[in-house]
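A.B. asks: Have a look at this one before I ask anything.
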Amino acid sequence: MKISFYVLSESKAQDFLGFICQLTQTALNKSAQSLLILIEDETLLSNLDTALWSQDSTSFIPHQCLPDNDNKSTNDKGTDDSNIATFEVSSPVLLGNHMPADFNGIVLNTTTRPVNDFMAATNNSKPSRVLELIRPDATSTQEGRNKYKAYQQLGYDLTHFKV
């Protein structure tokens, strides 16, 4: 698996949502694979959901949010809707706090954990590529180092870019 770390400059970090939208569009333009944006922060998820629909005045990035894997919910008929296996994917871009079963596309990871933690919780998921975002603060830098070491120990192909 190829892992690319994007070490963000202060200006890119200040427009974090804009950078995610830009990277998402680039990934879609360069690949026919689906893209999963892993997000554990509900505020970021909500803001990104809005930003992707209004990326600029003349376009948007079609996407859908995965049902929350941590919270069971019931639909208006009173039945359990938490079974992810029945969720139908209808968009090339997915947003969520987990990796769907059998996912094999590109993952843009905004979480503090390596993607392998999410793969272990699913069946047959093996992303082709992972994009890791590192903000220019001490906490994010340390989390990035920890993820880099974890991926390195697994023998993944690692690259990094300063943006």
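Chain labels run A, B, ... following the order of the structure tokens; each chain numbers its residues from 1, and ligands are numbered from 1 in the order shown.
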Find the residues near Glu42 of chain A: any atom within 12 Å, counting only C-alpha atoms, skip ones fewer than 3 places away on the same chain, and give them as a list in words.
C.D. replies: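 The residues satisfying every condition are Leu38, Ile39, Leu45, Ser46, Asn47, Leu48, Asp49, Cys65, Asp68, Leu95, Gly96, Asn97, Thr110 and Thr111 of chain A.
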A.B. asks: Those residues with N, CA and C atoms, as a short mmCIF file (atom, residue, chain, number, x, y, z; two decimals), in the first residue's frame please?
C.D. replies:
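The resulting file, again.cif, is reproduced below:
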```
data_model
loop_
_atom_site.label_atom_id
_atom_site.label_comp_id
_atom_site.auth_asym_id
_atom_site.auth_seq_id
_atom_site.Cartn_x
_atom_site.Cartn_y
_atom_site.Cartn_z
N LEU A 38 -11.85 9.67 6.04
CA LEU A 38 -12.07 9.23 7.42
C LEU A 38 -12.04 10.46 8.33
N ILE A 39 -13.12 10.64 9.09
CA ILE A 39 -13.27 11.79 9.98
C ILE A 39 -13.92 11.31 11.27
N LEU A 45 -16.71 16.89 10.16
CA LEU A 45 -17.54 16.15 9.20
C LEU A 45 -18.66 17.04 8.66
N SER A 46 -19.34 17.74 9.54
CA SER A 46 -20.44 18.61 9.13
C SER A 46 -19.93 19.75 8.24
N ASN A 47 -18.82 20.38 8.64
CA ASN A 47 -18.26 21.48 7.86
C ASN A 47 -17.76 21.01 6.50
N LEU A 48 -17.14 19.84 6.46
CA LEU A 48 -16.65 19.30 5.19
C LEU A 48 -17.80 18.91 4.28
N ASP A 49 -18.85 18.36 4.85
CA ASP A 49 -20.04 18.01 4.08
C ASP A 49 -20.55 19.25 3.35
N CYS A 65 -22.43 10.78 3.15
CA CYS A 65 -21.94 10.46 4.49
C CYS A 65 -22.38 9.04 4.84
N ASP A 68 -23.35 6.40 10.84
CA ASP A 68 -22.43 6.33 11.97
C ASP A 68 -22.28 4.88 12.41
N LEU A 95 -17.79 10.00 3.23
CA LEU A 95 -17.31 10.61 4.47
C LEU A 95 -17.80 9.77 5.62
N GLY A 96 -16.93 9.46 6.57
CA GLY A 96 -17.38 8.69 7.72
C GLY A 96 -16.30 8.43 8.74
N ASN A 97 -16.72 7.81 9.85
CA ASN A 97 -15.81 7.51 10.95
C ASN A 97 -15.37 6.05 10.96
N THR A 110 -8.10 11.92 8.13
CA THR A 110 -7.99 13.13 8.95
C THR A 110 -7.95 12.79 10.44
N THR A 111 -7.92 11.51 10.77
CA THR A 111 -7.97 11.08 12.18
C THR A 111 -6.57 11.00 12.77
#
```
A.B. asks: Neighbours of Asp137 of chain A within 12 Å (only C-alpha atoms; same-chain residues fewer than 5 positions away dropped), as a list of chain:residue names?
C.D. replies: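 That gives A:Val7, A:Leu8, A:Ser9, A:Glu10, A:Ala13, A:Gln14, A:Gln142, A:Glu143, A:Gly144.
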A.B. asks: Output N, CA and C atoms of each residue in that selection to a file, as a compact mmCIF listing (two decimals), in the first residue's frame.
C.D. replies:
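Saved result, result_26.txt, follows:
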```txt
# COMPACT_ATOMS: atom_id res chain seq x y z
N VAL A 7 2.36 17.36 4.61
CA VAL A 7 2.70 18.21 5.74
C VAL A 7 2.28 19.63 5.35
N LEU A 8 1.26 20.13 6.02
CA LEU A 8 0.66 21.39 5.64
C LEU A 8 1.42 22.60 6.19
N SER A 9 1.53 23.62 5.36
CA SER A 9 2.07 24.90 5.81
C SER A 9 1.00 25.60 6.65
N GLU A 10 1.38 26.69 7.31
CA GLU A 10 0.41 27.45 8.10
C GLU A 10 -0.77 27.91 7.25
N ALA A 13 -3.02 24.99 6.43
CA ALA A 13 -3.72 24.54 7.63
C ALA A 13 -4.85 25.49 7.99
N GLN A 14 -4.68 26.79 7.72
CA GLN A 14 -5.74 27.75 8.00
C GLN A 14 -6.95 27.53 7.10
N GLN A 142 3.34 15.09 16.05
CA GLN A 142 3.65 13.87 16.80
C GLN A 142 2.76 12.71 16.35
N GLU A 143 1.48 12.98 16.13
CA GLU A 143 0.58 11.93 15.64
C GLU A 143 1.05 11.44 14.27
N GLY A 144 1.49 12.35 13.42
CA GLY A 144 2.02 11.98 12.11
C GLY A 144 3.24 11.10 12.22
```
A.B. asks: Quick one: of A:Ile3, A:Ala138, A:Leu133, A:Leu36, who's nearest to Lys162 of chain A, counting only C-alpha atoms?
C.D. replies: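 Selected residue with least distance to Lys162 of chain A: A:Leu133.
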A.B. asks: Please, which residues of chain A, numbered as in this document, come out strand (DSSP E or B) from DSSP, as number ranges by chain?
C.D. replies: A: 2-7, 35-38, 56, 59, 64-65, 74, 80, 93-96, 106-109, 129-134, 157-162
A.B. asks: What does the distance from atom CA of Pro62 of chain A to atom CA of Pro92 of chain A come to in Å, to one decimal?
C.D. replies: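 Taking atom CA of Pro62 of chain A as the start and atom CA of Pro92 of chain A as the end point, the length is 7.3 Å.
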A.B. asks: Can you tell me how far atom CA of Leu23 of chain A sits from atom CA of Ser4 of chain A, in Å to one decimal?
C.D. replies: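 So the two atoms, atom CA of Leu23 of chain A and atom CA of Ser4 of chain A, lie 11.8 Å apart.
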